[in-house]
>>> print(open('run-v1.txt').read())   # compact mmCIF, C-alpha atoms
# COMPACT_ATOMS: atom_id res chain seq x y z
CA MET A 1 89.04 225.01 125.20
CA LEU A 2 88.25 228.66 125.83
CA ASN A 3 87.42 227.73 129.39
CA LEU A 4 90.84 226.12 129.82
CA ILE A 5 92.64 229.20 128.55
CA PHE A 6 90.53 231.31 130.90
CA HIS A 7 91.59 229.15 133.85
CA MET A 8 95.23 229.17 132.75
CA VAL A 9 95.39 232.95 132.55
CA PHE A 10 93.69 233.64 135.84
CA SER A 11 95.48 230.95 137.84
CA PHE A 12 98.75 232.38 136.55
CA LEU A 13 97.65 235.85 137.64
CA SER A 14 96.55 234.68 141.07
CA SER A 15 99.84 232.85 141.63
CA ILE A 16 102.03 235.79 140.72
CA SER A 17 99.99 238.19 142.78
CA PHE A 18 100.12 235.99 145.87
CA ALA A 19 103.84 235.63 145.26
CA ILE A 20 104.20 239.41 145.37
CA ILE A 21 102.17 239.64 148.58
CA CYS A 22 104.56 237.10 150.14
CA ASN A 23 107.64 239.04 148.94
CA VAL A 24 109.26 236.35 146.84
CA PRO A 25 112.47 237.23 144.95
CA LYS A 26 111.90 238.98 141.63
CA LYS A 27 113.61 236.32 139.54
CA SER A 28 111.28 233.57 140.64
CA ILE A 29 107.96 235.31 139.97
CA PRO A 30 107.27 234.13 136.37
CA MET A 31 108.36 230.57 137.14
CA GLY A 32 106.21 230.57 140.27
CA GLY A 33 103.26 231.64 138.17
CA ILE A 34 103.82 228.79 135.72
CA VAL A 35 104.15 226.27 138.56
CA GLY A 36 100.93 227.52 140.11
CA MET A 37 99.18 227.35 136.75
CA LEU A 38 100.21 223.71 136.29
CA GLY A 39 98.88 222.79 139.73
CA TRP A 40 95.56 224.52 139.23
CA MET A 41 95.11 222.98 135.76
CA GLY A 42 95.52 219.51 137.29
CA TYR A 43 93.01 220.37 139.98
CA ILE A 44 90.36 221.87 137.73
CA LEU A 45 90.64 219.18 135.06
CA LEU A 46 90.15 216.42 137.62
CA SER A 47 87.42 218.08 139.61
CA THR A 48 85.36 219.03 136.56
CA ASN A 49 85.61 215.47 135.24
CA GLY A 50 83.97 213.92 138.26
CA TYR A 51 86.89 213.08 140.52
CA GLY A 52 86.65 213.85 144.21
CA ILE A 53 88.42 216.59 146.07
CA PHE A 54 91.00 214.15 147.48
CA GLN A 55 92.23 212.92 144.10
CA ALA A 56 92.19 216.43 142.72
CA SER A 57 94.27 217.85 145.55
CA VAL A 58 96.75 214.96 145.45
CA VAL A 59 97.31 215.53 141.75
CA CYS A 60 97.51 219.28 142.21
CA SER A 61 99.99 219.01 145.05
CA LEU A 62 102.05 216.45 143.14
CA LEU A 63 102.25 218.67 140.09
CA LEU A 64 103.08 221.70 142.19
CA ALA A 65 105.72 219.94 144.24
CA PHE A 66 107.30 218.28 141.22
CA ALA A 67 107.46 221.42 139.12
CA GLY A 68 108.54 223.35 142.19
CA GLN A 69 111.35 220.90 142.95
CA ILE A 70 112.66 221.13 139.41
CA ALA A 71 112.43 224.93 139.47
CA ALA A 72 114.12 225.01 142.88
CA ARG A 73 117.03 222.99 141.50
CA ILE A 74 117.34 225.21 138.44
CA PHE A 75 117.06 228.54 140.24
CA LYS A 76 118.82 227.35 143.43
CA MET A 77 116.11 228.73 145.69
CA PRO A 78 114.03 227.09 148.40
CA LEU A 79 111.03 225.04 147.30
CA THR A 80 108.61 227.21 149.28
CA VAL A 81 109.18 230.13 146.92
CA PHE A 82 107.62 228.19 144.05
CA TYR A 83 105.24 226.01 145.96
CA VAL A 84 103.29 228.43 148.17
CA PRO A 85 101.99 230.89 145.52
CA GLY A 86 100.55 228.08 143.46
CA LEU A 87 98.76 226.58 146.40
CA VAL A 88 96.62 229.60 147.21
CA PRO A 89 93.44 228.59 145.32
CA ILE A 90 93.32 225.05 146.67
CA VAL A 91 94.78 225.60 150.12
CA PRO A 92 92.40 224.35 152.83
CA GLY A 93 92.10 227.92 154.07
CA ILE A 94 89.37 228.76 151.60
CA SER A 95 87.35 225.60 152.18
CA ALA A 96 87.93 225.89 155.94
CA PHE A 97 86.55 229.40 155.84
CA GLN A 98 83.50 228.19 153.92
CA ALA A 99 82.95 225.39 156.42
CA PHE A 100 83.15 227.83 159.32
CA ARG A 101 80.71 230.08 157.54
CA HIS A 102 78.20 227.22 157.24
CA LEU A 103 78.77 226.29 160.88
CA THR A 104 78.05 229.76 162.18
CA MET A 105 74.91 229.90 160.05
CA ASN A 106 73.54 226.69 161.62
CA ASP A 107 73.86 224.74 158.37
CA TYR A 108 75.35 221.64 159.99
CA ASP A 109 75.16 219.28 156.99
CA ALA A 110 77.13 221.62 154.78
CA ALA A 111 79.53 222.35 157.65
CA ILE A 112 80.33 218.66 158.17
CA MET A 113 80.83 218.21 154.42
CA GLY A 114 83.06 221.25 154.45
CA PHE A 115 85.24 220.06 157.33
CA LEU A 116 85.60 216.62 155.74
CA ASN A 117 86.65 218.32 152.54
CA VAL A 118 89.19 220.39 154.47
CA GLY A 119 90.63 217.23 155.97
CA TYR A 120 90.73 215.42 152.64
CA CYS A 121 92.32 218.40 150.98
CA ALA A 122 95.00 218.73 153.67
CA ILE A 123 95.78 215.02 153.56
CA GLY A 124 95.86 215.14 149.78
CA ILE A 125 98.33 218.01 149.78
CA ALA A 126 100.49 216.17 152.31
CA CYS A 127 100.41 212.99 150.18
CA GLY A 128 101.50 214.94 147.14
CA ILE A 129 104.42 216.50 149.00
CA VAL A 130 105.49 213.12 150.43
CA ILE A 131 105.36 211.35 147.07
CA SER A 132 107.36 214.01 145.29
CA ASP A 133 109.89 214.24 148.14
CA ILE A 134 110.42 210.49 148.11
CA LEU A 135 110.77 210.34 144.32
CA PHE A 136 113.18 213.24 144.29
CA ASN A 137 115.27 211.91 147.14
CA THR A 138 115.55 208.45 145.59
CA PHE A 139 116.23 209.46 142.02
CA PHE A 140 118.01 212.75 142.44
CA GLY A 141 119.66 212.12 145.80
CA LEU A 142 122.93 211.34 144.08
CA TYR A 143 122.93 214.84 142.70
CA ARG A 144 123.52 216.22 146.19
CA PHE A 145 126.95 214.66 146.51
CA LYS A 146 128.22 216.46 143.47
CA LYS A 147 129.83 219.82 143.99
CA ARG A 148 127.37 222.56 143.27
CA LYS A 149 128.42 225.95 142.06
CA THR A 150 126.45 229.01 143.03
CA LYS A 151 126.84 232.43 141.51
CA VAL A 152 127.51 235.29 143.87
CA MET B 1 138.83 225.98 166.89
CA ALA B 2 139.66 229.33 168.40
CA SER B 3 137.15 230.70 170.83
CA SER B 4 136.55 233.99 168.99
CA GLN B 5 135.74 232.09 165.85
CA ASN B 6 133.50 229.77 167.80
CA ASP B 7 131.56 232.74 169.14
CA CYS B 8 131.23 234.08 165.62
CA LEU B 9 129.96 230.71 164.42
CA ILE B 10 127.33 230.57 167.14
CA LYS B 11 126.23 234.15 166.47
CA ALA B 12 126.08 233.65 162.71
CA SER B 13 124.11 230.41 162.87
CA LEU B 14 121.67 231.81 165.43
CA LEU B 15 121.12 234.89 163.30
CA ALA B 16 120.57 232.77 160.18
CA GLY B 17 118.03 230.65 162.02
CA LYS B 18 116.30 233.69 163.47
CA ILE B 19 115.92 235.42 160.11
CA MET B 20 114.59 232.30 158.45
CA LEU B 21 112.15 231.43 161.20
CA GLU B 22 110.85 234.98 161.51
CA ASN B 23 110.08 235.15 157.82
CA GLY B 24 108.14 231.95 157.42
CA ALA B 25 110.55 229.12 156.62
CA GLU B 26 109.69 225.62 157.71
CA THR B 27 111.51 224.32 160.79
CA SER B 28 113.22 221.47 159.00
CA ARG B 29 114.79 223.87 156.52
CA VAL B 30 116.07 226.10 159.32
CA GLU B 31 117.61 223.13 161.06
CA ASP B 32 119.14 221.88 157.83
CA THR B 33 120.73 225.25 157.05
CA MET B 34 122.10 225.74 160.56
CA GLU B 35 123.53 222.25 160.77
CA ARG B 36 125.18 222.56 157.39
CA MET B 37 126.86 225.80 158.49
CA ILE B 38 128.03 224.36 161.81
CA SER B 39 129.29 221.08 160.45
CA LYS B 40 131.13 222.92 157.68
CA ALA B 41 132.82 225.26 160.18
CA LEU B 42 133.72 222.50 162.63
CA GLY B 43 134.67 220.02 159.94
CA VAL B 44 132.47 217.24 161.27
CA GLU B 45 130.06 215.14 159.28
CA ARG B 46 126.46 216.18 159.50
CA ASN B 47 124.15 214.10 161.71
CA GLN B 48 127.05 212.73 163.69
CA GLU B 49 125.80 214.77 166.61
CA THR B 50 122.84 217.04 166.83
CA PHE B 51 123.89 220.61 167.28
CA THR B 52 120.59 222.46 167.18
CA TYR B 53 117.18 222.36 168.73
CA ILE B 54 114.51 224.47 167.10
CA THR B 55 110.98 225.31 168.06
CA LEU B 56 108.85 228.14 166.79
CA SER B 57 109.65 230.37 169.75
CA GLY B 58 113.32 229.70 170.33
CA ILE B 59 116.52 228.24 168.87
CA PHE B 60 119.26 226.45 170.80
CA VAL B 61 122.73 225.90 169.39
CA LYS B 62 125.60 223.84 170.74
CA THR B 63 129.00 223.67 169.09
CA ASP B 64 130.99 221.81 171.74
CA MET B 65 130.80 220.98 175.43
CA ASN B 66 131.26 224.54 176.66
CA ASN B 67 129.57 226.65 174.01
CA THR B 68 125.82 226.78 173.99
CA ASN B 69 123.55 229.66 173.19
CA PHE B 70 119.92 230.46 172.73
CA ILE B 71 117.83 233.05 170.91
CA ARG B 72 114.18 233.96 171.21
CA ILE B 73 111.85 234.41 168.26
CA ASP B 74 109.09 236.91 168.84
CA ASN B 75 107.27 238.12 165.78
CA ARG B 76 106.67 236.19 162.63
CA ASP B 77 106.05 237.56 159.17
CA HIS B 78 106.14 236.33 155.59
CA ASN B 79 109.10 237.40 153.49
CA LEU B 80 110.32 234.60 151.26
CA ASN B 81 112.96 236.87 149.75
CA LYS B 82 114.93 236.97 153.00
CA ILE B 83 114.81 233.18 153.27
CA THR B 84 116.24 232.90 149.78
CA LYS B 85 119.01 235.36 150.65
CA VAL B 86 119.99 233.47 153.81
CA ASN B 87 119.92 230.24 151.85
CA GLN B 88 122.30 231.65 149.28
CA ILE B 89 124.66 232.96 151.96
CA SER B 90 124.84 229.61 153.69
CA ARG B 91 125.33 227.89 150.35
CA LEU B 92 128.24 230.19 149.56
CA PHE B 93 129.71 229.47 152.99
CA THR B 94 129.59 225.72 152.52
CA GLU B 95 131.32 226.15 149.17
CA ASP B 96 134.24 228.02 150.81
CA LEU B 97 133.42 231.28 149.03
CA LEU B 98 132.79 233.26 152.23
CA THR B 99 134.44 233.33 155.65
CA LEU B 100 132.54 233.26 158.92
CA GLU B 101 132.98 236.97 159.58
CA GLU B 102 131.69 237.85 156.12
CA VAL B 103 128.75 235.54 156.65
CA TYR B 104 127.86 237.29 159.90
CA GLU B 105 128.12 240.73 158.30
CA LYS B 106 125.98 239.71 155.34
CA LEU B 107 123.37 238.18 157.63
CA GLN B 108 123.18 241.41 159.63
CA GLU B 109 122.69 243.29 156.38
CA VAL B 110 119.86 240.95 155.41
CA GLU B 111 118.25 241.41 158.80
CA ARG B 112 118.41 245.21 158.65
CA GLU B 113 117.34 245.55 155.06
CA LYS B 114 113.68 246.21 154.44
CA MET B 115 113.26 243.88 151.52
CA GLY B 116 110.05 243.49 149.66
CA TYR B 117 107.80 245.22 147.24
CA SER B 118 106.34 248.67 147.75
CA LEU B 119 102.92 249.13 149.27
CA THR B 120 101.29 250.41 146.08
CA MET B 121 102.51 247.39 144.15
CA LYS B 122 101.22 245.08 146.84
CA LEU B 123 97.83 246.78 146.79
CA ILE B 124 97.58 246.51 143.01
CA PHE B 125 98.39 242.83 143.15
CA THR B 126 96.00 242.28 146.04
CA ALA B 127 93.21 243.52 143.79
CA ILE B 128 94.41 241.27 140.97
CA LEU B 129 94.63 238.30 143.35
CA SER B 130 91.09 238.80 144.64
CA GLY B 131 89.73 239.22 141.14
CA SER B 132 91.45 236.21 139.65
CA VAL B 133 90.69 233.87 142.56
CA MET B 134 87.05 234.91 142.27
CA LEU B 135 87.12 234.20 138.53
CA ILE B 136 88.59 230.71 138.84
CA MET B 137 86.10 229.90 141.61
CA ASN B 138 83.07 230.08 139.28
CA GLY B 139 82.72 233.85 139.28
CA THR B 140 81.85 236.02 136.30
CA PHE B 141 83.39 239.23 135.02
CA ILE B 142 80.54 241.32 136.38
CA ASP B 143 81.64 240.41 139.91
CA LEU B 144 85.11 241.87 139.40
CA PRO B 145 84.58 245.28 141.07
CA ALA B 146 82.97 243.75 144.15
CA SER B 147 85.71 241.23 144.81
CA MET B 148 88.53 243.66 144.00
CA ILE B 149 87.22 246.36 146.33
CA GLY B 150 86.46 243.77 148.99
CA GLY B 151 89.96 242.31 148.74
CA LEU B 152 91.56 245.74 148.94
CA VAL B 153 89.52 246.76 151.99
CA CYS B 154 90.30 243.41 153.60
CA TYR B 155 94.05 243.67 153.04
CA VAL B 156 94.34 247.34 154.02
CA SER B 157 92.38 246.86 157.22
CA TYR B 158 94.49 243.79 157.98
CA LEU B 159 97.68 245.82 157.60
CA VAL B 160 96.35 248.70 159.71
CA GLY B 161 95.01 246.37 162.37
CA TYR B 162 98.27 244.42 162.45
CA GLN B 163 100.16 247.63 163.21
CA TYR B 164 97.89 249.06 165.87
CA LEU B 165 96.02 246.19 167.43
CA LYS B 166 98.67 243.46 167.72
CA ILE B 167 96.12 240.85 168.78
CA PRO B 168 96.45 237.87 166.48
CA PHE B 169 93.01 236.57 165.55
CA ILE B 170 90.84 239.63 166.13
CA THR B 171 92.75 241.42 163.38
CA GLU B 172 91.81 238.76 160.83
CA TYR B 173 88.23 238.78 162.05
CA ILE B 174 87.86 242.55 161.69
CA ALA B 175 89.62 242.58 158.33
CA ALA B 176 87.39 239.83 156.95
CA PHE B 177 84.31 241.55 158.35
CA LEU B 178 85.13 244.94 156.81
CA GLY B 179 86.14 243.38 153.50
CA GLY B 180 82.98 241.31 153.43
CA LEU B 181 80.92 244.39 154.20
CA ALA B 182 82.48 246.35 151.33
CA ALA B 183 82.12 243.39 148.96
CA PHE B 184 78.50 242.92 149.98
CA PHE B 185 77.55 246.52 149.27
CA VAL B 186 79.36 246.70 145.93
CA ASN B 187 77.87 243.34 145.03
CA GLY B 188 74.45 244.76 145.78
CA MET B 189 75.03 247.44 143.15
CA VAL B 190 76.78 245.37 140.47
CA GLY B 191 77.32 241.66 140.70
CA SER B 192 75.70 238.28 140.96
CA HIS B 193 77.66 235.47 142.62
CA LEU B 194 78.01 236.50 146.26
CA SER B 195 79.76 233.35 147.49
CA SER B 196 82.48 233.55 144.81
CA VAL B 197 82.92 237.22 145.61
CA MET B 198 83.43 236.38 149.28
CA ILE B 199 86.07 233.76 148.42
CA GLY B 200 87.92 236.32 146.34
CA THR B 201 87.64 238.89 149.11
CA VAL B 202 89.39 236.81 151.74
CA ALA B 203 92.01 235.36 149.36
CA PRO B 204 94.81 237.72 150.56
CA LEU B 205 94.36 236.55 154.14
CA VAL B 206 94.18 232.79 153.55
CA PRO B 207 96.80 231.03 155.71
CA GLY B 208 98.57 229.29 152.84
CA ILE B 209 102.12 229.46 154.20
CA ALA B 210 101.04 228.40 157.71
CA ILE B 211 99.23 225.28 156.54
CA THR B 212 101.89 224.26 154.01
CA ASN B 213 104.64 224.68 156.59
CA ALA B 214 102.61 222.76 159.15
CA ILE B 215 102.27 219.78 156.84
CA ARG B 216 105.91 219.84 155.85
CA ASP B 217 107.03 220.17 159.49
CA ILE B 218 104.92 217.22 160.59
CA LEU B 219 106.29 215.16 157.73
CA ALA B 220 109.84 216.07 158.79
CA LYS B 221 109.07 214.84 162.35
CA HIS B 222 109.00 218.32 163.89
CA TYR B 223 105.74 217.56 165.59
CA ILE B 224 105.70 220.48 168.03
CA SER B 225 106.24 223.19 165.43
CA GLY B 226 103.96 221.42 162.99
CA SER B 227 101.04 221.15 165.34
CA ILE B 228 101.46 224.73 166.55
CA ARG B 229 101.39 225.95 162.98
CA MET B 230 98.41 223.77 162.16
CA VAL B 231 96.47 225.20 165.11
CA GLU B 232 97.44 228.70 164.03
CA GLY B 233 96.24 228.06 160.48
CA ILE B 234 92.95 226.57 161.62
CA PHE B 235 92.30 229.48 163.96
CA ILE B 236 93.05 232.03 161.26
CA ALA B 237 90.71 230.25 158.85
CA GLY B 238 88.08 230.13 161.58
CA SER B 239 88.30 233.82 162.35
CA ILE B 240 88.11 234.72 158.66
CA GLY B 241 85.08 232.46 158.27
CA THR B 242 83.35 234.00 161.27
CA GLY B 243 84.07 237.48 159.94
CA ILE B 244 82.33 236.72 156.66
CA ALA B 245 79.54 234.87 158.46
CA THR B 246 78.86 237.99 160.50
CA VAL B 247 78.16 239.88 157.29
CA TYR B 248 75.78 237.11 156.20
CA TYR B 249 74.07 237.17 159.59
CA ILE B 250 73.44 240.89 159.58
CA PHE B 251 72.23 241.33 156.02
CA ILE B 252 70.84 238.10 154.67
CA GLN B 253 68.92 236.39 157.43
>>> encode(input="run-v1.txt", output="structure tokens")
Amino acid sequence: MLNLIFHMVFSFLSSISFAIICNVPKKSIPMGGIVGMLGWMGYILLSTNGYGIFQASVVCSLLLAFAGQIAARIFKMPLTVFYVPGLVPIVPGISAFQAFRHLTMNDYDAAIMGFLNVGYCAIGIACGIVISDILFNTFFGLYRFKKRKTKV
Amino acid sequence: MASSQNDCLIKASLLAGKIMLENGAETSRVEDTMERMISKALGVERNQETFTYITLSGIFVKTDMNNTNFIRIDNRDHNLNKITKVNQISRLFTEDLLTLEEVYEKLQEVEREKMGYSLTMKLIFTAILSGSVMLIMNGTFIDLPASMIGGLVCYVSYLVGYQYLKIPFITEYIAAFLGGLAAFFVNGMVGSHLSSVMIGTVAPLVPGIAITNAIRDILAKHYISGSIRMVEGIFIAGSIGTGIATVYYIFIQ
């Protein structure tokens, strides 16, 4: 339990700080942090309970994209604003960098494992985005035809 | 449509596309925004004809048989705030709350404005980012100073190198190397988990936006932009990895 709270706090912090490095609008920072926290909780819960990196990143990306889509509708901002900060801990960048590190140190077994993990992770993220896009476009597509009001 | 207004439409949509693409929006979103603006101004249904062609290095716009224009995109950066602003402007335009001239003026304002957070704030949050990524990647609290200092050195040398060097991948390599060096030395004094510290150190440079946009572009059938971005992301990750590996080479083997 304490471990979960630890992960919640620090994934929230990492999301908001990456959001600030990417210059997101001020209004969206807390929501972006919560979205990122949700995604990382899905990832860490699955990967500590014995699921592979593919399942974990699909679930993480699904959670992120779903929460991000809802937040994007509420705040009337692009999805990227909420989605990107949350993705920073699981993005294939970190595992790709580890794989390259193993490769340059002649540790080929670990490098191959690493590159496979990068591929799985990227495909998992893509699957999550696709699933949430499809669900949102089928169920909430009607919403687009209504007149939307935006505040100046 | 009068020709002066047509010129204004072309200029406004090109500027909107340029701002969005330069600040890290995905290609499909740029196309969507531009086509919405054009079809609203011309009064035609969207997707009846294609009016735009977008790649990462240039945008083409066509409003009718005689009016075509083109703009070149040179440097790319990450500023999601500007994307949001352009999105709001185009949304207001499609809801009849702004005229074309006002849209063009507002877009020019957005382009000129130096939006974003101050450098000190960014540095503080870089340290927090490095520390918290290290902590959620199996680090312990004793590693905090190493990863925070490493992340700061990494980010600062990236910013300096980006201004003076202007060579894409070498900058990331040098930044990761210097950050790794700083993290290694601090970790030698206080700290235990070197690999977690290294992950935290490079967290500010990780190509998150590039890879996300690449996937979304490929899924939206923009294969050229998507594969270019994917290659860019892989190369950045590779140069960061080699930078850290150099530190390992020199000191551990």
>>> interface_residues(input="run-v1.txt", of="chain B", to="chain A", cutoff="6 Å", atoms="only C-alpha atoms", output="JSON, numbers by chain")
{"B": [78, 79, 80, 81, 84, 116, 122, 125, 129, 132, 206, 207, 208, 237, 238, 241, 245]}
>>> atom_distance(input="run-v1.txt", atom1="atom CA of Ala41 of chain B", atom2="atom CA of Ile59 of chain B")
18.7 Å
>>> residues_around(input="run-v1.txt", residues="segment 86-91 of chain B", least_positions_apart="4", cutoff="8 Å", atoms="all atoms listed in the file", output="PyMOL selection string")
(chain A and resi 77-78+150) or (chain B and resi 16+19-20+33+36-37+82+95+103+106-107+110)
>>> closest_residue(input="run-v1.txt", among="B:Val153, B:Ile234, B:Met198, B:Val160", to="Ala214 of chain B", atoms="only C-alpha atoms")
B:Ile234
>>> atom_distance(input="run-v1.txt", atom1="atom CA of Ile131 of chain A", atom2="atom CA of Leu62 of chain A")
7.2 Å
>>> residues_around(input="run-v1.txt", residues="Ile170 of chain B", least_positions_apart="6", cutoff="10 Å", atoms="only C-alpha atoms", output="short mmCIF file (atom, residue, chain, number, x, y, z; two decimals) with C-alpha atoms, keeping the file's coordinate frame")
data_model
loop_
_atom_site.label_atom_id
_atom_site.label_comp_id
_atom_site.auth_asym_id
_atom_site.auth_seq_id
_atom_site.Cartn_x
_atom_site.Cartn_y
_atom_site.Cartn_z
CA TYR B 158 94.49 243.79 157.98
CA GLY B 161 95.01 246.37 162.37
CA TYR B 162 98.27 244.42 162.45
CA ALA B 176 87.39 239.83 156.95
CA ILE B 236 93.05 232.03 161.26
CA SER B 239 88.30 233.82 162.35
CA ILE B 240 88.11 234.72 158.66
CA GLY B 243 84.07 237.48 159.94
#
>>> atom_distance(input="run-v1.txt", atom1="atom CA of Phe184 of chain B", atom2="atom CA of Met37 of chain A")
29.1 Å
>>> closest_residue(input="run-v1.txt", among="B:Ile38, B:Met134, B:Ala146, B:Met230", to="Gly191 of chain B", atoms="all atoms listed in the file")
B:Ala146
>>> closest_residue(input="run-v1.txt", among="B:Pro145, B:Gly24, B:Ile211, B:Gly226", to="Val186 of chain B", atoms="all atoms listed in the file")
B:Pro145
>>> residues_around(input="run-v1.txt", residues="Ala12 of chain B", least_positions_apart="2", cutoff="8 Å", atoms="all atoms listed in the file", output="ChimeraX atom specification")
/B:8-10,14-16,100,103-104,107
>>> residues_around(input="run-v1.txt", residues="Leu63 of chain A", least_positions_apart="2", cutoff="10 Å", atoms="only C-alpha atoms", output="ChimeraX atom specification")
/A:35-43,57-61,65-69,83,128-129,132
>>> residues_around(input="run-v1.txt", residues="Phe60 of chain B", least_positions_apart="2", cutoff="10 Å", atoms="all atoms listed in the file", output="list in words")
Ile10, Leu14, Gly17, Phe51, Thr52, Tyr53, Ile54, Thr55, Gly58, Lys62, Thr68, Asn69, Phe70, Ile71 and Arg72 of chain B
>>> write_last_selection(input="run-v1.txt", atoms="C-alpha atoms", output="PDB file, in the coordinates of the input")
ATOM      1  CA  ILE B  10     127.330 230.570 167.140  1.00  0.00           C
ATOM      2  CA  LEU B  14     121.670 231.810 165.430  1.00  0.00           C
ATOM      3  CA  GLY B  17     118.030 230.650 162.020  1.00  0.00           C
ATOM      4  CA  PHE B  51     123.890 220.610 167.280  1.00  0.00           C
ATOM      5  CA  THR B  52     120.590 222.460 167.180  1.00  0.00           C
ATOM      6  CA  TYR B  53     117.180 222.360 168.730  1.00  0.00           C
ATOM      7  CA  ILE B  54     114.510 224.470 167.100  1.00  0.00           C
ATOM      8  CA  THR B  55     110.980 225.310 168.060  1.00  0.00           C
ATOM      9  CA  GLY B  58     113.320 229.700 170.330  1.00  0.00           C
ATOM     10  CA  LYS B  62     125.600 223.840 170.740  1.00  0.00           C
ATOM     11  CA  THR B  68     125.820 226.780 173.990  1.00  0.00           C
ATOM     12  CA  ASN B  69     123.550 229.660 173.190  1.00  0.00           C
ATOM     13  CA  PHE B  70     119.920 230.460 172.730  1.00  0.00           C
ATOM     14  CA  ILE B  71     117.830 233.050 170.910  1.00  0.00           C
ATOM     15  CA  ARG B  72     114.180 233.960 171.210  1.00  0.00           C
TER      16      ARG B  72
END
>>> closest_residue(input="run-v1.txt", among="A:Ile29, A:Phe136, A:Thr48, A:Ala56", to="Ile70 of chain A", atoms="all atoms listed in the file")
A:Phe136
>>> closest_residue(input="run-v1.txt", among="B:Ile73, B:Ile218, B:Leu123, B:Ile199", to="Ser157 of chain B", atoms="only C-alpha atoms")
B:Leu123
>>> axis_aligned_box(input="run-v1.txt", around="segment 10-13 of chain A", padding_each_side="5 Å", output="JSON")
{"center_x": 96.2, "center_y": 233.4, "center_z": 136.8, "size_x": 15.1, "size_y": 14.9, "size_z": 12.0}
>>> closest_residue(input="run-v1.txt", among="A:Tyr51, A:Gly124, A:Ile5, A:Ala71", to="Thr212 of chain B", atoms="only C-alpha atoms")
A:Gly124
>>> build_atoms(input="run-v1.txt", residues="segment 150-166 of chain B", atoms="N, CA and C atoms", output="PDB file, in the frame of the given file")
ATOM      1  N   GLY B 150      86.484 244.533 147.744  1.00  0.00           N
ATOM      2  CA  GLY B 150      86.460 243.770 148.990  1.00  0.00           C
ATOM      3  C   GLY B 150      87.845 243.310 149.396  1.00  0.00           C
ATOM      4  N   GLY B 151      88.612 242.779 148.430  1.00  0.00           N
ATOM      5  CA  GLY B 151      89.960 242.310 148.740  1.00  0.00           C
ATOM      6  C   GLY B 151      90.852 243.443 149.206  1.00  0.00           C
ATOM      7  N   LEU B 152      90.734 244.606 148.550  1.00  0.00           N
ATOM      8  CA  LEU B 152      91.560 245.740 148.940  1.00  0.00           C
ATOM      9  C   LEU B 152      91.230 246.195 150.358  1.00  0.00           C
ATOM     10  N   VAL B 153      89.931 246.325 150.647  1.00  0.00           N
ATOM     11  CA  VAL B 153      89.520 246.760 151.990  1.00  0.00           C
ATOM     12  C   VAL B 153      90.016 245.760 153.023  1.00  0.00           C
ATOM     13  N   CYS B 154      89.873 244.484 152.697  1.00  0.00           N
ATOM     14  CA  CYS B 154      90.300 243.410 153.600  1.00  0.00           C
ATOM     15  C   CYS B 154      91.790 243.529 153.905  1.00  0.00           C
ATOM     16  N   TYR B 155      92.606 243.670 152.853  1.00  0.00           N
ATOM     17  CA  TYR B 155      94.050 243.670 153.040  1.00  0.00           C
ATOM     18  C   TYR B 155      94.503 244.932 153.772  1.00  0.00           C
ATOM     19  N   VAL B 156      93.932 246.082 153.376  1.00  0.00           N
ATOM     20  CA  VAL B 156      94.340 247.340 154.020  1.00  0.00           C
ATOM     21  C   VAL B 156      93.972 247.316 155.496  1.00  0.00           C
ATOM     22  N   SER B 157      92.752 246.846 155.803  1.00  0.00           N
ATOM     23  CA  SER B 157      92.380 246.860 157.220  1.00  0.00           C
ATOM     24  C   SER B 157      93.186 245.823 157.992  1.00  0.00           C
ATOM     25  N   TYR B 158      93.608 244.746 157.307  1.00  0.00           N
ATOM     26  CA  TYR B 158      94.490 243.790 157.980  1.00  0.00           C
ATOM     27  C   TYR B 158      95.823 244.442 158.324  1.00  0.00           C
ATOM     28  N   LEU B 159      96.391 245.182 157.345  1.00  0.00           N
ATOM     29  CA  LEU B 159      97.680 245.820 157.600  1.00  0.00           C
ATOM     30  C   LEU B 159      97.578 246.842 158.726  1.00  0.00           C
ATOM     31  N   VAL B 160      96.519 247.678 158.681  1.00  0.00           N
ATOM     32  CA  VAL B 160      96.350 248.700 159.710  1.00  0.00           C
ATOM     33  C   VAL B 160      96.145 248.039 161.071  1.00  0.00           C
ATOM     34  N   GLY B 161      95.274 247.042 161.110  1.00  0.00           N
ATOM     35  CA  GLY B 161      95.010 246.370 162.370  1.00  0.00           C
ATOM     36  C   GLY B 161      96.231 245.672 162.923  1.00  0.00           C
ATOM     37  N   TYR B 162      97.059 245.115 162.023  1.00  0.00           N
ATOM     38  CA  TYR B 162      98.270 244.420 162.450  1.00  0.00           C
ATOM     39  C   TYR B 162      99.231 245.382 163.110  1.00  0.00           C
ATOM     40  N   GLN B 163      99.239 246.649 162.623  1.00  0.00           N
ATOM     41  CA  GLN B 163     100.160 247.630 163.210  1.00  0.00           C
ATOM     42  C   GLN B 163      99.664 248.140 164.553  1.00  0.00           C
ATOM     43  N   TYR B 164      98.356 248.381 164.679  1.00  0.00           N
ATOM     44  CA  TYR B 164      97.890 249.060 165.870  1.00  0.00           C
ATOM     45  C   TYR B 164      97.308 248.129 166.911  1.00  0.00           C
ATOM     46  N   LEU B 165      96.714 247.027 166.475  1.00  0.00           N
ATOM     47  CA  LEU B 165      96.020 246.190 167.430  1.00  0.00           C
ATOM     48  C   LEU B 165      96.932 245.160 168.085  1.00  0.00           C
ATOM     49  N   LYS B 166      97.718 244.470 167.256  1.00  0.00           N
ATOM     50  CA  LYS B 166      98.670 243.460 167.720  1.00  0.00           C
ATOM     51  C   LYS B 166      98.013 242.302 168.479  1.00  0.00           C
TER      52      LYS B 166
END
